[in-house]
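Enquirer: Take a look at input.cif, mmCIF, N, CA and C atoms and all ligand atoms:
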data_data
#
loop_
_atom_site.label_atom_id
_atom_site.label_comp_id
_atom_site.auth_asym_id
_atom_site.auth_seq_id
_atom_site.Cartn_x
_atom_site.Cartn_y
_atom_site.Cartn_z
N MET Y 127 97.68 -138.38 -4.25
CA MET Y 127 97.55 -138.99 -2.91
C MET Y 127 97.06 -140.43 -3.07
N PRO Y 128 97.86 -141.39 -2.64
CA PRO Y 128 97.49 -142.80 -2.81
C PRO Y 128 96.36 -143.21 -1.87
N VAL Y 129 95.46 -143.95 -2.38
CA VAL Y 129 94.33 -144.44 -1.57
C VAL Y 129 94.26 -145.95 -1.70
N VAL Y 130 93.42 -146.57 -0.88
CA VAL Y 130 93.25 -148.02 -0.96
C VAL Y 130 91.84 -148.30 -1.50
N CYS Y 131 91.78 -149.19 -2.45
CA CYS Y 131 90.48 -149.55 -3.03
C CYS Y 131 89.66 -150.30 -1.99
N ASN Y 132 88.46 -149.89 -1.83
CA ASN Y 132 87.57 -150.49 -0.81
C ASN Y 132 87.13 -151.90 -1.21
N LYS Y 133 87.35 -152.27 -2.44
CA LYS Y 133 86.89 -153.57 -2.90
C LYS Y 133 88.03 -154.60 -2.92
N CYS Y 134 89.12 -154.25 -3.57
CA CYS Y 134 90.21 -155.22 -3.69
C CYS Y 134 91.33 -154.95 -2.68
N ASN Y 135 91.23 -153.88 -1.94
CA ASN Y 135 92.19 -153.50 -0.90
C ASN Y 135 93.60 -153.24 -1.43
N LYS Y 136 93.71 -153.00 -2.70
CA LYS Y 136 95.01 -152.64 -3.26
C LYS Y 136 95.08 -151.13 -3.40
N SER Y 137 96.29 -150.65 -3.38
CA SER Y 137 96.46 -149.21 -3.48
C SER Y 137 96.01 -148.71 -4.85
N ALA Y 138 95.60 -147.48 -4.84
CA ALA Y 138 95.08 -146.94 -6.09
C ALA Y 138 95.48 -145.49 -6.22
N ASN Y 139 95.55 -145.05 -7.41
CA ASN Y 139 95.83 -143.65 -7.69
C ASN Y 139 94.50 -142.89 -7.67
N ASP Y 140 94.55 -141.69 -7.20
CA ASP Y 140 93.37 -140.83 -7.14
C ASP Y 140 92.60 -140.80 -8.46
N ASN Y 141 93.33 -140.84 -9.55
CA ASN Y 141 92.71 -140.71 -10.86
C ASN Y 141 92.00 -141.99 -11.31
N ASP Y 142 92.35 -143.11 -10.65
CA ASP Y 142 91.79 -144.40 -11.07
C ASP Y 142 90.54 -144.78 -10.28
N VAL Y 143 90.23 -144.02 -9.28
CA VAL Y 143 89.15 -144.45 -8.40
C VAL Y 143 87.90 -143.62 -8.58
N ILE Y 144 86.85 -144.22 -8.11
CA ILE Y 144 85.58 -143.50 -8.03
C ILE Y 144 85.22 -143.48 -6.55
N VAL Y 145 84.65 -142.39 -6.09
CA VAL Y 145 84.37 -142.23 -4.66
C VAL Y 145 82.88 -142.44 -4.42
N CYS Y 146 82.58 -143.27 -3.43
CA CYS Y 146 81.19 -143.53 -3.08
C CYS Y 146 80.55 -142.26 -2.56
N ASP Y 147 79.40 -141.96 -3.05
CA ASP Y 147 78.73 -140.72 -2.67
C ASP Y 147 78.24 -140.74 -1.23
N LEU Y 148 78.14 -141.94 -0.65
CA LEU Y 148 77.60 -142.05 0.69
C LEU Y 148 78.70 -142.20 1.74
N CYS Y 149 79.54 -143.25 1.59
CA CYS Y 149 80.56 -143.49 2.62
C CYS Y 149 81.90 -142.87 2.25
N LYS Y 150 81.99 -142.30 1.06
CA LYS Y 150 83.18 -141.58 0.59
C LYS Y 150 84.39 -142.49 0.44
N SER Y 151 84.19 -143.80 0.41
CA SER Y 151 85.32 -144.69 0.19
C SER Y 151 85.67 -144.73 -1.29
N SER Y 152 86.95 -145.04 -1.58
CA SER Y 152 87.41 -145.07 -2.96
C SER Y 152 87.41 -146.49 -3.50
N ILE Y 153 87.00 -146.64 -4.71
CA ILE Y 153 86.99 -147.95 -5.37
C ILE Y 153 87.57 -147.76 -6.76
N HIS Y 154 88.44 -148.68 -7.16
CA HIS Y 154 88.91 -148.65 -8.54
C HIS Y 154 87.69 -148.58 -9.45
N SER Y 155 87.76 -147.77 -10.43
CA SER Y 155 86.62 -147.73 -11.36
C SER Y 155 86.43 -149.09 -12.02
N ILE Y 156 87.54 -149.81 -12.26
CA ILE Y 156 87.43 -151.16 -12.82
C ILE Y 156 86.73 -152.08 -11.83
N CYS Y 157 87.11 -151.99 -10.54
CA CYS Y 157 86.48 -152.81 -9.50
C CYS Y 157 84.99 -152.47 -9.37
N ALA Y 158 84.65 -151.22 -9.64
CA ALA Y 158 83.25 -150.81 -9.57
C ALA Y 158 82.49 -151.20 -10.83
N GLY Y 159 83.22 -151.72 -11.82
CA GLY Y 159 82.58 -152.14 -13.07
C GLY Y 159 82.16 -150.97 -13.92
N LEU Y 160 82.90 -149.87 -13.79
CA LEU Y 160 82.55 -148.68 -14.57
C LEU Y 160 83.58 -148.44 -15.66
N SER Y 161 83.12 -147.98 -16.76
CA SER Y 161 84.03 -147.60 -17.84
C SER Y 161 84.68 -146.27 -17.50
N ARG Y 162 85.73 -145.94 -18.21
CA ARG Y 162 86.42 -144.68 -17.96
C ARG Y 162 85.49 -143.50 -18.18
N GLN Y 163 84.64 -143.62 -19.20
CA GLN Y 163 83.69 -142.55 -19.51
C GLN Y 163 82.69 -142.36 -18.37
N GLU Y 164 82.19 -143.49 -17.90
CA GLU Y 164 81.21 -143.43 -16.79
C GLU Y 164 81.85 -142.82 -15.56
N THR Y 165 83.09 -143.24 -15.29
CA THR Y 165 83.81 -142.70 -14.15
C THR Y 165 84.00 -141.20 -14.29
N GLU Y 166 84.36 -140.77 -15.47
CA GLU Y 166 84.54 -139.34 -15.72
C GLU Y 166 83.24 -138.58 -15.49
N CYS Y 167 82.17 -139.14 -15.99
CA CYS Y 167 80.86 -138.49 -15.85
C CYS Y 167 80.50 -138.30 -14.39
N VAL Y 168 80.68 -139.36 -13.61
CA VAL Y 168 80.35 -139.28 -12.18
C VAL Y 168 81.27 -138.27 -11.50
N ARG Y 169 82.54 -138.33 -11.87
CA ARG Y 169 83.51 -137.45 -11.25
C ARG Y 169 83.20 -135.99 -11.54
N LEU Y 170 82.78 -135.73 -12.73
CA LEU Y 170 82.49 -134.34 -13.12
C LEU Y 170 81.08 -133.92 -12.69
N LYS Y 171 80.39 -134.85 -12.05
CA LYS Y 171 79.01 -134.61 -11.58
C LYS Y 171 78.11 -134.21 -12.74
N LYS Y 172 78.44 -134.80 -13.90
CA LYS Y 172 77.60 -134.55 -15.07
C LYS Y 172 76.30 -135.31 -14.93
N SER Y 173 75.27 -134.81 -15.43
CA SER Y 173 73.93 -135.41 -15.46
C SER Y 173 73.54 -136.02 -14.11
N LYS Y 174 73.98 -135.36 -13.05
CA LYS Y 174 73.59 -135.73 -11.68
C LYS Y 174 73.81 -137.22 -11.37
N LEU Y 175 74.83 -137.78 -11.97
CA LEU Y 175 75.14 -139.18 -11.68
C LEU Y 175 75.75 -139.30 -10.29
N ARG Y 176 75.38 -140.36 -9.63
CA ARG Y 176 75.96 -140.61 -8.32
C ARG Y 176 76.44 -142.05 -8.29
N TYR Y 177 77.48 -142.25 -7.53
CA TYR Y 177 77.97 -143.63 -7.42
C TYR Y 177 77.88 -144.08 -5.96
N PHE Y 178 77.35 -145.28 -5.78
CA PHE Y 178 77.32 -145.89 -4.45
C PHE Y 178 78.07 -147.21 -4.51
N CYS Y 179 78.94 -147.44 -3.54
CA CYS Y 179 79.63 -148.72 -3.47
C CYS Y 179 78.60 -149.81 -3.18
N ASP Y 180 78.98 -151.07 -3.32
CA ASP Y 180 78.03 -152.17 -3.15
C ASP Y 180 77.27 -152.08 -1.83
N LYS Y 181 78.02 -151.81 -0.78
CA LYS Y 181 77.42 -151.75 0.55
C LYS Y 181 76.38 -150.62 0.63
N CYS Y 182 76.77 -149.46 0.17
CA CYS Y 182 75.88 -148.30 0.24
C CYS Y 182 74.74 -148.39 -0.77
N ASN Y 183 74.99 -149.10 -1.86
CA ASN Y 183 73.97 -149.24 -2.89
C ASN Y 183 72.72 -149.91 -2.30
N ILE Y 184 72.96 -150.92 -1.48
CA ILE Y 184 71.85 -151.62 -0.83
C ILE Y 184 71.09 -150.66 0.09
N VAL Y 185 71.86 -149.90 0.86
CA VAL Y 185 71.23 -148.92 1.76
C VAL Y 185 70.41 -147.92 0.94
N GLU Y 186 70.99 -147.48 -0.16
CA GLU Y 186 70.33 -146.50 -1.01
C GLU Y 186 69.07 -147.09 -1.63
N ILE Y 187 69.19 -148.35 -2.09
CA ILE Y 187 68.04 -149.00 -2.72
C ILE Y 187 66.91 -149.16 -1.71
N ILE Y 188 67.24 -149.61 -0.51
CA ILE Y 188 66.22 -149.81 0.52
C ILE Y 188 65.57 -148.47 0.87
N GLY Y 189 66.41 -147.45 1.01
CA GLY Y 189 65.86 -146.12 1.30
C GLY Y 189 64.94 -145.66 0.19
N GLY Y 190 65.36 -145.91 -1.06
CA GLY Y 190 64.55 -145.53 -2.21
C GLY Y 190 63.25 -146.30 -2.25
N LEU Y 191 63.33 -147.60 -1.94
CA LEU Y 191 62.13 -148.44 -1.92
C LEU Y 191 61.16 -147.99 -0.84
N ARG Y 192 61.73 -147.65 0.32
CA ARG Y 192 60.87 -147.17 1.42
C ARG Y 192 60.10 -145.94 1.00
N ALA Y 193 60.83 -145.01 0.37
CA ALA Y 193 60.19 -143.78 -0.09
C ALA Y 193 59.11 -144.10 -1.12
N GLU Y 194 59.45 -145.05 -2.00
CA GLU Y 194 58.51 -145.45 -3.05
C GLU Y 194 57.25 -146.08 -2.45
N VAL Y 195 57.46 -146.95 -1.47
CA VAL Y 195 56.33 -147.62 -0.80
C VAL Y 195 55.44 -146.58 -0.12
N GLU Y 196 56.08 -145.62 0.55
CA GLU Y 196 55.30 -144.57 1.22
C GLU Y 196 54.47 -143.77 0.21
N LYS Y 197 55.09 -143.48 -0.92
CA LYS Y 197 54.42 -142.72 -1.97
C LYS Y 197 53.21 -143.50 -2.49
N LEU Y 198 53.45 -144.78 -2.78
CA LEU Y 198 52.37 -145.64 -3.29
C LEU Y 198 51.24 -145.76 -2.27
N ARG Y 199 51.64 -145.91 -1.02
CA ARG Y 199 50.65 -146.07 0.05
C ARG Y 199 49.72 -144.87 0.11
N SER Y 200 50.30 -143.68 0.04
CA SER Y 200 49.46 -142.48 0.12
C SER Y 200 48.62 -142.33 -1.14
N GLU Y 201 49.17 -142.79 -2.28
CA GLU Y 201 48.39 -142.73 -3.52
C GLU Y 201 47.19 -143.67 -3.46
N VAL Y 202 47.42 -144.86 -2.92
CA VAL Y 202 46.34 -145.83 -2.77
C VAL Y 202 45.26 -145.28 -1.85
N ALA Y 203 45.70 -144.68 -0.74
CA ALA Y 203 44.75 -144.10 0.21
C ALA Y 203 43.92 -143.01 -0.46
N GLU Y 204 44.59 -142.20 -1.29
CA GLU Y 204 43.89 -141.14 -2.01
C GLU Y 204 42.87 -141.72 -2.98
N LEU Y 205 43.30 -142.75 -3.72
CA LEU Y 205 42.41 -143.38 -4.69
C LEU Y 205 41.19 -143.98 -4.00
N LYS Y 206 41.45 -144.65 -2.88
CA LYS Y 206 40.35 -145.25 -2.12
C LYS Y 206 39.35 -144.18 -1.72
N TYR Y 207 39.88 -143.07 -1.24
CA TYR Y 207 39.02 -141.97 -0.80
C TYR Y 207 38.21 -141.43 -1.97
N GLU Y 208 38.91 -141.21 -3.11
CA GLU Y 208 38.23 -140.69 -4.29
C GLU Y 208 37.13 -141.63 -4.75
N LYS Y 209 37.47 -142.94 -4.77
CA LYS Y 209 36.53 -143.94 -5.24
C LYS Y 209 35.28 -143.97 -4.36
N THR Y 210 35.51 -143.99 -3.06
CA THR Y 210 34.40 -144.02 -2.12
C THR Y 210 33.56 -142.77 -2.27
N GLY Y 211 34.24 -141.63 -2.40
CA GLY Y 211 33.53 -140.36 -2.56
C GLY Y 211 32.67 -140.37 -3.81
N ASN Y 212 33.26 -140.86 -4.92
CA ASN Y 212 32.52 -140.91 -6.18
C ASN Y 212 31.31 -141.81 -6.10
N VAL Y 213 31.49 -142.98 -5.47
CA VAL Y 213 30.40 -143.93 -5.35
C VAL Y 213 29.25 -143.30 -4.56
N LEU Y 214 29.61 -142.63 -3.48
CA LEU Y 214 28.58 -141.99 -2.65
C LEU Y 214 27.86 -140.90 -3.44
N ASN Y 215 28.63 -140.10 -4.18
CA ASN Y 215 28.03 -139.04 -4.98
C ASN Y 215 27.08 -139.62 -6.03
N LYS Y 216 27.54 -140.72 -6.66
CA LYS Y 216 26.75 -141.35 -7.71
C LYS Y 216 25.44 -141.90 -7.15
N LEU Y 217 25.58 -142.59 -6.02
CA LEU Y 217 24.39 -143.14 -5.38
C LEU Y 217 23.40 -142.04 -5.05
N LEU Y 218 23.94 -140.95 -4.53
CA LEU Y 218 23.09 -139.85 -4.13
C LEU Y 218 22.34 -139.28 -5.32
N SER Y 219 23.09 -139.03 -6.43
CA SER Y 219 22.45 -138.42 -7.59
C SER Y 219 21.44 -139.38 -8.23
N GLU Y 220 21.78 -140.68 -8.25
CA GLU Y 220 20.83 -141.65 -8.80
C GLU Y 220 19.55 -141.68 -7.97
N GLU Y 221 19.72 -141.62 -6.68
CA GLU Y 221 18.56 -141.63 -5.79
C GLU Y 221 17.69 -140.40 -6.04
N GLU Y 222 18.37 -139.25 -6.23
CA GLU Y 222 17.63 -138.02 -6.50
C GLU Y 222 16.84 -138.13 -7.80
N ILE Y 223 17.52 -138.67 -8.82
CA ILE Y 223 16.86 -138.82 -10.14
C ILE Y 223 15.66 -139.76 -10.01
N ILE Y 224 15.88 -140.87 -9.34
CA ILE Y 224 14.80 -141.86 -9.19
C ILE Y 224 13.60 -141.24 -8.46
N SER Y 225 13.88 -140.53 -7.38
CA SER Y 225 12.77 -139.97 -6.61
C SER Y 225 12.07 -138.87 -7.40
N GLU Y 226 12.84 -138.15 -8.23
CA GLU Y 226 12.25 -137.11 -9.08
C GLU Y 226 11.32 -137.74 -10.12
N VAL Y 227 11.81 -138.79 -10.80
CA VAL Y 227 11.03 -139.49 -11.81
C VAL Y 227 9.78 -140.10 -11.16
N ASP Y 228 10.01 -140.70 -10.02
CA ASP Y 228 8.93 -141.32 -9.27
C ASP Y 228 7.84 -140.30 -8.96
N ASP Y 229 8.28 -139.13 -8.54
CA ASP Y 229 7.36 -138.05 -8.17
C ASP Y 229 6.54 -137.60 -9.38
N ARG Y 230 7.22 -137.44 -10.52
CA ARG Y 230 6.53 -137.01 -11.75
C ARG Y 230 5.51 -138.05 -12.18
N GLN Y 231 5.91 -139.32 -12.10
CA GLN Y 231 5.00 -140.38 -12.50
C GLN Y 231 3.77 -140.39 -11.59
N ARG Y 232 4.02 -140.17 -10.33
CA ARG Y 232 2.92 -140.18 -9.38
C ARG Y 232 1.92 -139.07 -9.70
N ARG Y 233 2.46 -137.88 -10.04
CA ARG Y 233 1.58 -136.76 -10.35
C ARG Y 233 0.86 -136.97 -11.69
N ALA Y 234 1.57 -137.60 -12.65
CA ALA Y 234 0.99 -137.81 -13.98
C ALA Y 234 -0.18 -138.78 -13.92
N THR Y 235 -0.10 -139.74 -13.05
CA THR Y 235 -1.19 -140.73 -12.96
C THR Y 235 -1.87 -140.60 -11.60
N ASN Y 236 -2.20 -139.37 -11.31
CA ASN Y 236 -2.78 -139.12 -10.00
C ASN Y 236 -4.28 -139.40 -10.00
N LEU Y 237 -4.59 -140.60 -10.36
CA LEU Y 237 -5.99 -141.03 -10.45
C LEU Y 237 -6.16 -142.26 -9.58
N ILE Y 238 -6.98 -142.15 -8.63
CA ILE Y 238 -7.18 -143.27 -7.72
C ILE Y 238 -8.61 -143.78 -7.86
N VAL Y 239 -8.74 -145.04 -8.08
CA VAL Y 239 -10.06 -145.64 -8.20
C VAL Y 239 -10.31 -146.51 -6.97
N TYR Y 240 -11.39 -146.23 -6.30
CA TYR Y 240 -11.71 -147.00 -5.10
C TYR Y 240 -12.63 -148.17 -5.44
N ASN Y 241 -12.62 -149.11 -4.55
CA ASN Y 241 -13.56 -150.23 -4.59
C ASN Y 241 -13.48 -151.11 -5.82
N LEU Y 242 -12.28 -151.12 -6.45
CA LEU Y 242 -12.08 -152.09 -7.53
C LEU Y 242 -11.88 -153.45 -6.89
N PRO Y 243 -12.49 -154.48 -7.46
CA PRO Y 243 -12.27 -155.82 -6.89
C PRO Y 243 -10.79 -156.18 -6.94
N GLU Y 244 -10.26 -156.77 -5.90
CA GLU Y 244 -8.86 -157.17 -5.84
C GLU Y 244 -8.58 -158.22 -6.90
N SER Y 245 -7.49 -158.03 -7.58
CA SER Y 245 -7.11 -159.01 -8.59
C SER Y 245 -6.65 -160.31 -7.92
N ASP Y 246 -7.07 -161.41 -8.54
CA ASP Y 246 -6.64 -162.71 -8.02
C ASP Y 246 -5.22 -163.03 -8.44
N ASP Y 247 -4.83 -162.43 -9.56
CA ASP Y 247 -3.49 -162.69 -10.08
C ASP Y 247 -2.44 -162.05 -9.16
N LYS Y 248 -1.44 -162.84 -8.81
CA LYS Y 248 -0.46 -162.33 -7.86
C LYS Y 248 0.69 -161.58 -8.51
N THR Y 249 0.90 -161.79 -9.82
CA THR Y 249 2.01 -161.07 -10.45
C THR Y 249 1.62 -159.63 -10.68
N VAL Y 250 2.58 -158.76 -10.53
CA VAL Y 250 2.32 -157.32 -10.55
C VAL Y 250 1.76 -156.88 -11.89
N ILE Y 251 2.41 -157.33 -12.98
CA ILE Y 251 1.99 -156.89 -14.32
C ILE Y 251 0.56 -157.35 -14.60
N ASN Y 252 0.29 -158.59 -14.31
CA ASN Y 252 -1.04 -159.13 -14.57
C ASN Y 252 -2.10 -158.46 -13.70
N SER Y 253 -1.76 -158.22 -12.47
CA SER Y 253 -2.75 -157.59 -11.60
C SER Y 253 -3.01 -156.15 -12.02
N LYS Y 254 -1.96 -155.52 -12.59
CA LYS Y 254 -2.12 -154.17 -13.12
C LYS Y 254 -3.06 -154.20 -14.33
N GLN Y 255 -2.78 -155.18 -15.21
CA GLN Y 255 -3.65 -155.38 -16.39
C GLN Y 255 -5.09 -155.60 -15.94
N ASP Y 256 -5.21 -156.40 -14.95
CA ASP Y 256 -6.53 -156.73 -14.39
C ASP Y 256 -7.21 -155.47 -13.88
N ASP Y 257 -6.45 -154.66 -13.15
CA ASP Y 257 -6.99 -153.40 -12.62
C ASP Y 257 -7.47 -152.50 -13.74
N ILE Y 258 -6.65 -152.45 -14.81
CA ILE Y 258 -7.00 -151.59 -15.94
C ILE Y 258 -8.31 -152.05 -16.59
N SER Y 259 -8.44 -153.35 -16.80
CA SER Y 259 -9.68 -153.86 -17.43
C SER Y 259 -10.87 -153.69 -16.48
N GLN Y 260 -10.61 -153.84 -15.21
CA GLN Y 260 -11.67 -153.60 -14.22
C GLN Y 260 -12.12 -152.14 -14.28
N PHE Y 261 -11.12 -151.27 -14.40
CA PHE Y 261 -11.40 -149.84 -14.45
C PHE Y 261 -12.16 -149.49 -15.73
N ALA Y 262 -11.72 -150.10 -16.86
CA ALA Y 262 -12.39 -149.87 -18.14
C ALA Y 262 -13.84 -150.33 -18.08
N ALA Y 263 -14.04 -151.45 -17.46
CA ALA Y 263 -15.40 -151.99 -17.32
C ALA Y 263 -16.25 -151.07 -16.47
N LEU Y 264 -15.64 -150.53 -15.43
CA LEU Y 264 -16.34 -149.63 -14.52
C LEU Y 264 -16.75 -148.34 -15.23
N VAL Y 265 -15.80 -147.78 -16.00
CA VAL Y 265 -16.05 -146.52 -16.70
C VAL Y 265 -17.17 -146.68 -17.73
N SER Y 266 -17.17 -147.81 -18.42
CA SER Y 266 -18.17 -148.02 -19.48
C SER Y 266 -19.49 -148.55 -18.94
N SER Y 267 -19.52 -148.85 -17.67
CA SER Y 267 -20.77 -149.42 -17.12
C SER Y 267 -21.83 -148.34 -16.92
N GLU Y 268 -23.05 -148.75 -16.87
CA GLU Y 268 -24.17 -147.83 -16.69
C GLU Y 268 -24.12 -147.14 -15.35
N GLU Y 269 -23.62 -147.87 -14.37
CA GLU Y 269 -23.55 -147.39 -13.01
C GLU Y 269 -22.74 -146.07 -12.92
N TRP Y 270 -21.64 -146.04 -13.70
CA TRP Y 270 -20.71 -144.91 -13.72
C TRP Y 270 -21.40 -143.66 -14.28
N LYS Y 271 -22.25 -143.88 -15.29
CA LYS Y 271 -22.87 -142.75 -15.97
C LYS Y 271 -23.94 -142.05 -15.11
N ASN Y 272 -24.44 -142.73 -14.13
CA ASN Y 272 -25.50 -142.14 -13.33
C ASN Y 272 -25.00 -141.12 -12.31
ZN ZN E 1 90.09 -152.34 -6.64
ZN ZN E 2 79.76 -146.54 0.12
#
Starting from the file, lay out its structure as structure tokens.
Expert:
Amino acid sequence: MPVVCNKCNKSANDNDVIVCDLCKSSIHSICAGLSRQETECVRLKKSKLRYFCDKCNIVEIIGGLRAEVEKLRSEVAELKYEKTGNVLNKLLSEEEIISEVDDRQRRATNLIVYNLPESDDKTVINSKQDDISQFAALVSSEEWKN
């Protein structure tokens, strides 16, 4: 059955053409830029090959891209959710660890000394040092022993 090539508009033999999988138009396999082997493969539906004419190829590509974009978009959304979830979990566990350590330290040094003179030094480390020496002086003083 003679057909007309959708590309060059010349008549073609059924055996010489490849049929677009979408619009079902016939194109010379040469006009489609396909080798005889490639044409045979598509014709025999080997390895799930499909052929789209130039016009349909664009439609197919756009459709494929749309699907790809949708897939990527949902993957990104998932990743964002996972990331946020992980960060929250991490923050929570770190906070728990810190408060636990803090609690242990508080119990370990549960010694409060009243009426120590305020350190003049404003830096924390130095004022701590100052407190310690003040405390040492207090403990070793005669007043403490009475
Ligand atoms: Zn042709
Ligand atoms: Zn087509």
Enquirer: How far is it from atom N of Ala262 of chain Y to atom CA of Ile224 of chain Y, in Å with one decimal?
Expert: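 Atom-to-atom, atom N of Ala262 of chain Y to atom CA of Ile224 of chain Y, that is 28.8 Å.
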Enquirer: Mind dumping a table of every chain Y residue within 8 Å of ligand ZN 2 (chain E), with the nearest atom pair and its distance in Å to one decimal, using only N, CA and C atoms and all ligand atoms, sorted by chain and rising number, as JSON lines?
Expert:
{"residue": "Y:Val145", "atom": "C", "partner": "E:ZN2", "partner_atom": "ZN", "distance": 6.9}
{"residue": "Y:Cys146", "atom": "CA", "partner": "E:ZN2", "partner_atom": "ZN", "distance": 4.6}
{"residue": "Y:Asp147", "atom": "N", "partner": "E:ZN2", "partner_atom": "ZN", "distance": 5.6}
{"residue": "Y:Leu148", "atom": "C", "partner": "E:ZN2", "partner_atom": "ZN", "distance": 4.8}
{"residue": "Y:Cys149", "atom": "N", "partner": "E:ZN2", "partner_atom": "ZN", "distance": 3.6}
{"residue": "Y:Lys150", "atom": "N", "partner": "E:ZN2", "partner_atom": "ZN", "distance": 4.9}
{"residue": "Y:Ser151", "atom": "N", "partner": "E:ZN2", "partner_atom": "ZN", "distance": 5.2}
{"residue": "Y:Ser152", "atom": "N", "partner": "E:ZN2", "partner_atom": "ZN", "distance": 7.5}
{"residue": "Y:Tyr177", "atom": "C", "partner": "E:ZN2", "partner_atom": "ZN", "distance": 6.8}
{"residue": "Y:Phe178", "atom": "C", "partner": "E:ZN2", "partner_atom": "ZN", "distance": 5.0}
{"residue": "Y:Cys179", "atom": "N", "partner": "E:ZN2", "partner_atom": "ZN", "distance": 3.9}
{"residue": "Y:Asp180", "atom": "N", "partner": "E:ZN2", "partner_atom": "ZN", "distance": 5.7}
{"residue": "Y:Lys181", "atom": "C", "partner": "E:ZN2", "partner_atom": "ZN", "distance": 5.3}
{"residue": "Y:Cys182", "atom": "N", "partner": "E:ZN2", "partner_atom": "ZN", "distance": 4.2}
{"residue": "Y:Asn183", "atom": "N", "partner": "E:ZN2", "partner_atom": "ZN", "distance": 5.8}
Enquirer: Would you save the residues of that selection, restricted to N, CA and C atoms, as an mmCIF file, keeping the file's coordinate frame?
Expert:
data_model
loop_
_atom_site.group_PDB
_atom_site.id
_atom_site.type_symbol
_atom_site.label_atom_id
_atom_site.label_comp_id
_atom_site.auth_asym_id
_atom_site.auth_seq_id
_atom_site.Cartn_x
_atom_site.Cartn_y
_atom_site.Cartn_z
ATOM 1 N N VAL Y 145 84.650 -142.390 -6.090
ATOM 2 C CA VAL Y 145 84.370 -142.230 -4.660
ATOM 3 C C VAL Y 145 82.880 -142.440 -4.420
ATOM 4 N N CYS Y 146 82.580 -143.270 -3.430
ATOM 5 C CA CYS Y 146 81.190 -143.530 -3.080
ATOM 6 C C CYS Y 146 80.550 -142.260 -2.560
ATOM 7 N N ASP Y 147 79.400 -141.960 -3.050
ATOM 8 C CA ASP Y 147 78.730 -140.720 -2.670
ATOM 9 C C ASP Y 147 78.240 -140.740 -1.230
ATOM 10 N N LEU Y 148 78.140 -141.940 -0.650
ATOM 11 C CA LEU Y 148 77.600 -142.050 0.690
ATOM 12 C C LEU Y 148 78.700 -142.200 1.740
ATOM 13 N N CYS Y 149 79.540 -143.250 1.590
ATOM 14 C CA CYS Y 149 80.560 -143.490 2.620
ATOM 15 C C CYS Y 149 81.900 -142.870 2.250
ATOM 16 N N LYS Y 150 81.990 -142.300 1.060
ATOM 17 C CA LYS Y 150 83.180 -141.580 0.590
ATOM 18 C C LYS Y 150 84.390 -142.490 0.440
ATOM 19 N N SER Y 151 84.190 -143.800 0.410
ATOM 20 C CA SER Y 151 85.320 -144.690 0.190
ATOM 21 C C SER Y 151 85.670 -144.730 -1.290
ATOM 22 N N SER Y 152 86.950 -145.040 -1.580
ATOM 23 C CA SER Y 152 87.410 -145.070 -2.960
ATOM 24 C C SER Y 152 87.410 -146.490 -3.500
ATOM 25 N N TYR Y 177 77.480 -142.250 -7.530
ATOM 26 C CA TYR Y 177 77.970 -143.630 -7.420
ATOM 27 C C TYR Y 177 77.880 -144.080 -5.960
ATOM 28 N N PHE Y 178 77.350 -145.280 -5.780
ATOM 29 C CA PHE Y 178 77.320 -145.890 -4.450
ATOM 30 C C PHE Y 178 78.070 -147.210 -4.510
ATOM 31 N N CYS Y 179 78.940 -147.440 -3.540
ATOM 32 C CA CYS Y 179 79.630 -148.720 -3.470
ATOM 33 C C CYS Y 179 78.600 -149.810 -3.180
ATOM 34 N N ASP Y 180 78.980 -151.070 -3.320
ATOM 35 C CA ASP Y 180 78.030 -152.170 -3.150
ATOM 36 C C ASP Y 180 77.270 -152.080 -1.830
ATOM 37 N N LYS Y 181 78.020 -151.810 -0.780
ATOM 38 C CA LYS Y 181 77.420 -151.750 0.550
ATOM 39 C C LYS Y 181 76.380 -150.620 0.630
ATOM 40 N N CYS Y 182 76.770 -149.460 0.170
ATOM 41 C CA CYS Y 182 75.880 -148.300 0.240
ATOM 42 C C CYS Y 182 74.740 -148.390 -0.770
ATOM 43 N N ASN Y 183 74.990 -149.100 -1.860
ATOM 44 C CA ASN Y 183 73.970 -149.240 -2.890
ATOM 45 C C ASN Y 183 72.720 -149.910 -2.300
#
Enquirer: I'd like the interatomic distance between atom CA of Glu166 of chain Y and atom CA of Glu194 of chain Y, to a tenth of an Å.
Expert: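 Separating atom CA of Glu166 of chain Y from atom CA of Glu194 of chain Y is a distance of 29.6 Å.
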Enquirer: Find the residue from Y:Ile258, Y:Ile153, Y:Ile144, Y:Thr210 that sits nearest to Cys131 of chain Y; use only C-alpha atoms when measuring.
Expert: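 With only C-alpha atoms as the atom set, the closest residue is Y:Ile153.
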Enquirer: Using all atoms listed in the file, determine which residues fall within 5 Å of ligand ZN 1 (chain E), then list them as a list in words.
Expert: Cys131, Lys133, Cys134, His154 and Cys157 of chain Y
Enquirer: What is the atom CA of Arg176 of chain Y-atom CA of Ile156 of chain Y distance in Å, reported with one decimal?
Expert: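 Computing it gives 16.2 Å between the two atoms.
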